[in-house]
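**Q** Structure supplied as entry.tsv; contents: TSV, C-alpha atoms.
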```
chain	number	residue	atom	x	y	z
A	1	MET	CA	20.17	-30.29	-5.60
A	2	GLU	CA	19.68	-32.37	-2.49
A	3	SER	CA	22.51	-34.75	-3.38
A	4	ILE	CA	24.90	-31.79	-3.54
A	5	VAL	CA	24.08	-30.05	-0.25
A	6	ALA	CA	22.34	-32.51	2.08
A	7	GLY	CA	24.32	-33.83	5.04
A	8	ARG	CA	27.46	-31.84	4.33
A	9	GLN	CA	29.22	-29.39	6.60
A	10	ARG	CA	30.95	-27.65	3.69
A	11	VAL	CA	30.55	-27.28	-0.07
A	12	LEU	CA	33.34	-25.81	-2.19
A	13	VAL	CA	32.46	-23.82	-5.33
A	14	SER	CA	35.35	-23.17	-7.71
A	15	GLN	CA	35.00	-20.99	-10.77
A	16	GLN	CA	36.58	-22.50	-13.87
A	17	THR	CA	38.38	-19.92	-16.02
A	18	GLU	CA	38.98	-20.58	-19.70
A	19	LEU	CA	42.33	-19.82	-21.34
A	20	ALA	CA	40.85	-17.08	-23.56
A	21	GLU	CA	39.53	-15.26	-20.51
A	22	ALA	CA	42.83	-15.57	-18.67
A	23	LEU	CA	44.94	-14.37	-21.61
A	24	LEU	CA	42.70	-11.81	-23.32
A	25	GLY	CA	40.52	-10.53	-20.50
A	26	PHE	CA	37.23	-11.32	-22.27
A	27	GLU	CA	34.46	-12.58	-20.01
A	28	THR	CA	33.37	-16.10	-20.94
A	29	ARG	CA	30.32	-17.75	-19.44
A	30	ASN	CA	30.74	-18.72	-15.81
A	31	LYS	CA	31.35	-22.37	-14.98
A	32	TYR	CA	31.80	-23.80	-11.50
A	33	LYS	CA	33.08	-27.07	-10.09
A	34	LEU	CA	31.29	-28.27	-6.94
A	35	GLN	CA	33.23	-30.36	-4.41
A	36	ASP	CA	32.84	-31.63	-0.88
A	37	GLU	CA	35.23	-30.54	1.86
A	38	ASN	CA	37.69	-33.28	0.87
A	39	GLY	CA	37.86	-32.09	-2.73
A	40	VAL	CA	35.68	-34.91	-4.09
A	41	PRO	CA	33.57	-33.73	-7.07
A	42	ILE	CA	29.83	-33.65	-6.30
A	43	GLY	CA	28.51	-31.67	-9.27
A	44	PHE	CA	28.99	-28.58	-11.41
A	45	ALA	CA	27.17	-25.45	-12.50
A	46	ALA	CA	27.28	-23.44	-15.71
A	47	GLU	CA	25.85	-20.17	-16.95
A	48	GLU	CA	23.46	-20.65	-19.85
A	49	GLY	CA	24.18	-19.12	-23.20
A	50	GLY	CA	26.71	-18.93	-25.91
A	51	GLY	CA	27.05	-16.97	-29.07
A	52	VAL	CA	27.73	-13.34	-29.81
A	53	GLY	CA	24.73	-11.86	-27.98
A	54	ALA	CA	25.60	-13.61	-24.73
A	55	MET	CA	29.25	-12.62	-25.05
A	56	ILE	CA	28.29	-8.95	-25.57
A	57	GLY	CA	26.01	-9.10	-22.55
A	58	ARG	CA	28.75	-10.51	-20.34
A	59	ASN	CA	31.41	-8.07	-21.47
A	60	PHE	CA	29.38	-4.85	-21.64
A	61	LEU	CA	26.56	-5.33	-19.13
A	62	GLY	CA	28.66	-7.34	-16.66
A	63	LYS	CA	26.91	-8.09	-13.39
A	64	CYS	CA	23.75	-6.25	-14.54
A	65	ARG	CA	23.00	-8.79	-17.28
A	66	ALA	CA	20.24	-11.36	-17.18
A	67	CYS	CA	21.48	-14.91	-16.85
A	68	THR	CA	20.57	-18.41	-15.76
A	69	VAL	CA	22.95	-20.75	-13.93
A	70	HIS	CA	22.13	-24.45	-14.33
A	71	ILE	CA	23.20	-26.87	-11.59
A	72	TYR	CA	24.07	-30.52	-12.32
A	73	ASP	CA	24.89	-33.49	-10.13
A	74	GLN	CA	27.97	-35.66	-10.58
A	75	ALA	CA	26.05	-37.87	-13.05
A	76	ASN	CA	25.52	-34.79	-15.30
A	77	GLN	CA	21.81	-34.71	-14.50
A	78	PRO	CA	20.20	-31.23	-14.15
A	79	VAL	CA	19.02	-30.74	-10.57
A	80	GLY	CA	18.29	-27.02	-10.34
A	81	ARG	CA	18.82	-23.53	-11.67
A	82	ALA	CA	19.20	-19.94	-10.50
A	83	LYS	CA	17.69	-17.25	-12.73
A	84	LYS	CA	18.84	-13.62	-12.56
A	85	PRO	CA	16.86	-10.91	-14.39
A	86	PHE	CA	18.50	-7.82	-15.88
A	87	THR	CA	18.75	-4.97	-13.39
A	88	TRP	CA	21.11	-2.08	-12.72
A	89	PHE	CA	20.85	-2.31	-8.94
A	90	PHE	CA	19.62	-4.64	-6.17
A	91	HIS	CA	20.34	-7.84	-8.07
A	92	ARG	CA	18.22	-10.93	-7.53
A	93	MET	CA	18.21	-14.65	-8.27
A	94	ASP	CA	15.13	-16.85	-8.23
A	95	VAL	CA	16.04	-20.42	-7.35
A	96	PHE	CA	14.46	-23.59	-8.76
A	97	ASP	CA	14.84	-27.19	-7.63
A	98	GLY	CA	13.96	-29.00	-10.81
A	99	ASP	CA	10.93	-27.04	-12.06
A	100	LYS	CA	9.78	-25.96	-8.59
A	101	ARG	CA	10.62	-22.46	-7.37
A	102	ILE	CA	11.95	-22.74	-3.81
A	103	GLY	CA	12.81	-19.10	-3.05
A	104	ALA	CA	15.15	-16.28	-4.02
A	105	ILE	CA	18.24	-14.32	-3.08
A	106	GLN	CA	17.84	-10.52	-3.13
A	107	ARG	CA	20.51	-7.85	-2.70
A	108	LYS	CA	19.51	-5.01	-0.36
A	109	PHE	CA	20.65	-1.44	0.10
A	110	ALA	CA	23.41	-1.09	2.70
A	111	ILE	CA	25.97	1.65	3.25
A	112	LEU	CA	28.71	0.02	5.34
A	113	ASN	CA	28.48	-3.57	4.17
A	114	ARG	CA	27.17	-5.87	1.47
A	115	LYS	CA	23.78	-7.27	2.30
A	116	PHE	CA	21.54	-9.93	0.76
A	117	VAL	CA	18.41	-11.64	2.05
A	118	VAL	CA	17.15	-15.17	1.48
A	119	GLU	CA	13.44	-15.32	0.67
A	120	ASP	CA	11.10	-18.30	0.90
A	121	THR	CA	8.49	-19.13	-1.76
A	122	GLN	CA	6.12	-16.51	-0.32
A	123	GLY	CA	8.72	-13.73	-0.51
A	124	ARG	CA	9.29	-13.69	3.27
A	125	GLU	CA	12.83	-12.88	4.36
A	126	VAL	CA	14.11	-15.89	6.31
A	127	LEU	CA	17.86	-15.17	6.45
A	128	GLU	CA	20.28	-12.26	6.05
A	129	ILE	CA	23.65	-12.55	4.32
A	130	VAL	CA	26.01	-9.80	5.42
A	131	SER	CA	29.63	-9.03	4.60
A	132	PRO	CA	30.94	-7.07	7.62
A	133	LEU	CA	33.00	-3.92	7.22
A	134	PHE	CA	36.74	-4.74	6.84
A	135	ARG	CA	35.98	-8.45	6.11
A	136	ILE	CA	34.81	-8.22	2.52
A	137	TRP	CA	35.74	-11.85	1.72
A	138	THR	CA	33.40	-13.30	4.38
A	139	PHE	CA	29.59	-13.30	4.21
A	140	LYS	CA	27.81	-14.28	7.41
A	141	VAL	CA	24.43	-15.99	7.08
A	142	LEU	CA	22.23	-14.83	9.97
A	143	ARG	CA	18.92	-16.06	11.35
A	144	ASP	CA	17.50	-13.69	13.97
A	145	GLY	CA	21.01	-12.28	14.47
A	146	ALA	CA	22.68	-15.67	15.05
A	147	GLU	CA	25.19	-16.97	12.50
A	148	VAL	CA	23.99	-20.27	11.02
A	149	ALA	CA	26.26	-20.50	7.96
A	150	ARG	CA	29.07	-18.67	6.24
A	151	ILE	CA	30.07	-18.02	2.63
A	152	SER	CA	33.77	-17.25	2.19
A	153	LYS	CA	35.83	-16.32	-0.84
A	154	LYS	CA	38.98	-18.41	-0.73
A	155	TRP	CA	42.31	-17.18	-2.05
A	156	SER	CA	43.99	-19.87	-4.15
A	157	GLY	CA	47.47	-18.41	-4.31
A	158	MET	CA	48.96	-15.14	-5.50
A	159	LEU	CA	50.08	-16.46	-8.89
A	160	LYS	CA	46.65	-17.80	-9.83
A	161	GLU	CA	44.86	-14.69	-8.55
A	162	ALA	CA	47.26	-12.46	-10.52
A	163	PHE	CA	46.80	-14.46	-13.73
A	164	THR	CA	43.02	-14.96	-13.67
A	165	ASP	CA	39.93	-13.58	-11.99
A	166	ALA	CA	38.66	-17.05	-11.04
A	167	ASP	CA	36.93	-17.12	-7.67
A	168	ASN	CA	36.78	-19.95	-5.17
A	169	PHE	CA	34.14	-20.03	-2.46
A	170	GLY	CA	33.23	-22.23	0.46
A	171	ILE	CA	29.85	-22.59	2.13
A	172	GLU	CA	30.08	-23.74	5.73
A	173	PHE	CA	26.96	-24.79	7.64
A	174	LEU	CA	27.45	-23.93	11.30
A	175	SER	CA	24.16	-25.26	12.65
A	176	ASP	CA	21.27	-27.47	11.63
A	177	VAL	CA	20.09	-25.77	8.44
A	178	ASP	CA	17.32	-27.49	6.48
A	179	VAL	CA	17.97	-28.77	3.01
A	180	THR	CA	15.89	-26.10	1.22
A	181	VAL	CA	17.91	-23.33	2.86
A	182	ARG	CA	21.10	-25.15	1.87
A	183	LYS	CA	19.95	-25.16	-1.76
A	184	LEU	CA	19.20	-21.44	-1.60
A	185	LEU	CA	22.63	-20.73	-0.11
A	186	LEU	CA	24.31	-22.63	-2.93
A	187	ALA	CA	22.57	-20.29	-5.38
A	188	ALA	CA	23.56	-17.33	-3.19
A	189	VAL	CA	27.21	-18.09	-3.97
A	190	PHE	CA	26.57	-17.43	-7.66
A	191	LEU	CA	24.85	-14.10	-6.96
A	192	VAL	CA	27.62	-13.04	-4.55
A	193	ASP	CA	30.21	-13.91	-7.20
A	194	PHE	CA	28.33	-12.07	-9.97
A	195	THR	CA	27.63	-8.90	-7.99
A	196	CYS	CA	30.64	-8.57	-5.69
A	197	PHE	CA	33.60	-10.13	-7.47
A	198	GLU	CA	32.95	-10.36	-11.22
A	199	ASN	CA	35.10	-7.82	-13.10
A	200	ASN	CA	36.78	-7.06	-9.75
A	201	ASN	CA	33.60	-5.39	-8.42
```
Output the file's structure as structure tokens, nothing else.

**A**
Amino acid sequence: MESIVAGRQRVLVSQQTELAEALLGFETRNKYKLQDENGVPIGFAAEEGGGVGAMIGRNFLGKCRACTVHIYDQANQPVGRAKKPFTWFFHRMDVFDGDKRIGAIQRKFAILNRKFVVEDTQGREVLEIVSPLFRIWTFKVLRDGAEVARISKKWSGMLKEAFTDADNFGIEFLSDVDVTVRKLLLAAVFLVDFTCFENNN
């Protein structure tokens, strides 16, 4: 994943909606285009699974379903994955760079905002991701209370938003964040999308 996140100030993550999903309202597996801040493609990501069982899981279990998102570089080479187990509440994604687990993203209980934490390989919480009250489209990434990065849901125009439920996100690195944390924050976008915006949740 290093080629996707290293040395960049911003990474854009755009969900790709299929025609069947747009017209019929059936959830198809999530696919994302990854671009740099100038719109140049730098990779893509796709949810694993096809077939009837996976379709039933997406449409009836929604954000609670188990899933794996595979991440590829621009040369179509697999570079990482984010694995989400089935759970009703407090969703989680374990993140792998190749075959090596590098940490996880965990949703936490919060009353007045949406809150996630970034965990290292030992399960220690190293960052908080918080969506402040009244700014539900912006997720601040905090280290010891200081904002070091930001995940934002980007509107792409009223017509597109009315016709599909495709989501577009941007990750902005506001300070010197090491490459492992950058990889974890890329995976955090997928969990934020699944748990906060899929099926208009």

**Q** Measuring atom to atom with only C-alpha atoms, identify which of A:Arg124, A:Lys31, A:Arg92, A:Arg81 is nearest to Ala66 in chain A.

**A**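 Once distances to Ala66 in chain A are computed over only C-alpha atoms, the minimum belongs to A:Arg92.
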
**Q** Nearest residue to Lys84 in chain A out of A:Arg10, A:Gln16, A:Val179, A:Glu48, using only C-alpha atoms?

**A**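 Result for the nearest residue to Lys84 in chain A: A:Glu48.
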
**Q** Give me the residues near Pro132 in chain A as a list in words, where near means some atom within 8 Å (using only C-alpha atoms) and where sequence neighbours in that chain fewer than 4 positions away do not count.

**A**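 Counting only the stated atoms, we get Leu112, Asn113, Arg114, Ile136, Thr138, Phe139 and Lys140 of chain A.
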
**Q** Measuring atom to atom with all atoms listed in the file, identify which of A:Lys33, A:Arg101, A:Arg107, A:Arg8 is nearest to Leu174 in chain A.

**A** A:Arg8

**Q** Which one of A:Ala187, A:Ala46, A:Ile111, A:Val40 sits closest to Pro78 in chain A if you count only C-alpha atoms?

**A**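 Answer, going by the shortest atom-to-atom distance: A:Ala46.
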
**Q** Rounded to one decimal in Å, what is the spacing between CA of Tyr32 in chain A and CA of Gln74 in chain A?

**A** 12.5 Å

**Q** Enter the distance from CA of His91 in chain A to CA of Gly170 in chain A, in Å, rounded to one decimal.

**A**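 Computed distance, CA of His91 in chain A to CA of Gly170 in chain A, equals 21.1 Å.
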
**Q** Enter the distance from CA of Arg182 in chain A to CA of Val5 in chain A, in Å, rounded to one decimal.

**A**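 Pair CA of Arg182 in chain A / CA of Val5 in chain A returns 6.1 Å.
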
**Q** For Val117 in chain A, which of A:Gly80, A:Gly98, A:Gly103, A:Pro41 is the closest residue, counting all atoms listed in the file?

**A**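 Of A:Gly80, A:Gly98, A:Gly103, A:Pro41, the one nearest Val117 in chain A, counting all atoms listed in the file, is A:Gly103.
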
**Q** List as a tab-separated table (two decimals) with C-alpha atoms, keeping the file's coordinate frame the protein and nucleic acid residues near Glu47 in chain A, meaning an atom at most 8 Å away when only C-alpha atoms are counted, but skip any in the same chain fewer than 4 places from it.

**A**
```
chain	number	residue	atom	x	y	z
A	29	ARG	CA	30.32	-17.75	-19.44
A	30	ASN	CA	30.74	-18.72	-15.81
A	31	LYS	CA	31.35	-22.37	-14.98
A	67	CYS	CA	21.48	-14.91	-16.85
A	68	THR	CA	20.57	-18.41	-15.76
A	69	VAL	CA	22.95	-20.75	-13.93
A	70	HIS	CA	22.13	-24.45	-14.33
```

**Q** Counting all atoms listed in the file, which residue out of A:Ala146, A:Ile129, A:Ala188, A:Ala110 sits closest to Val13 in chain A?

**A**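 Among the listed residues, A:Ala188 lies closest to Val13 in chain A.
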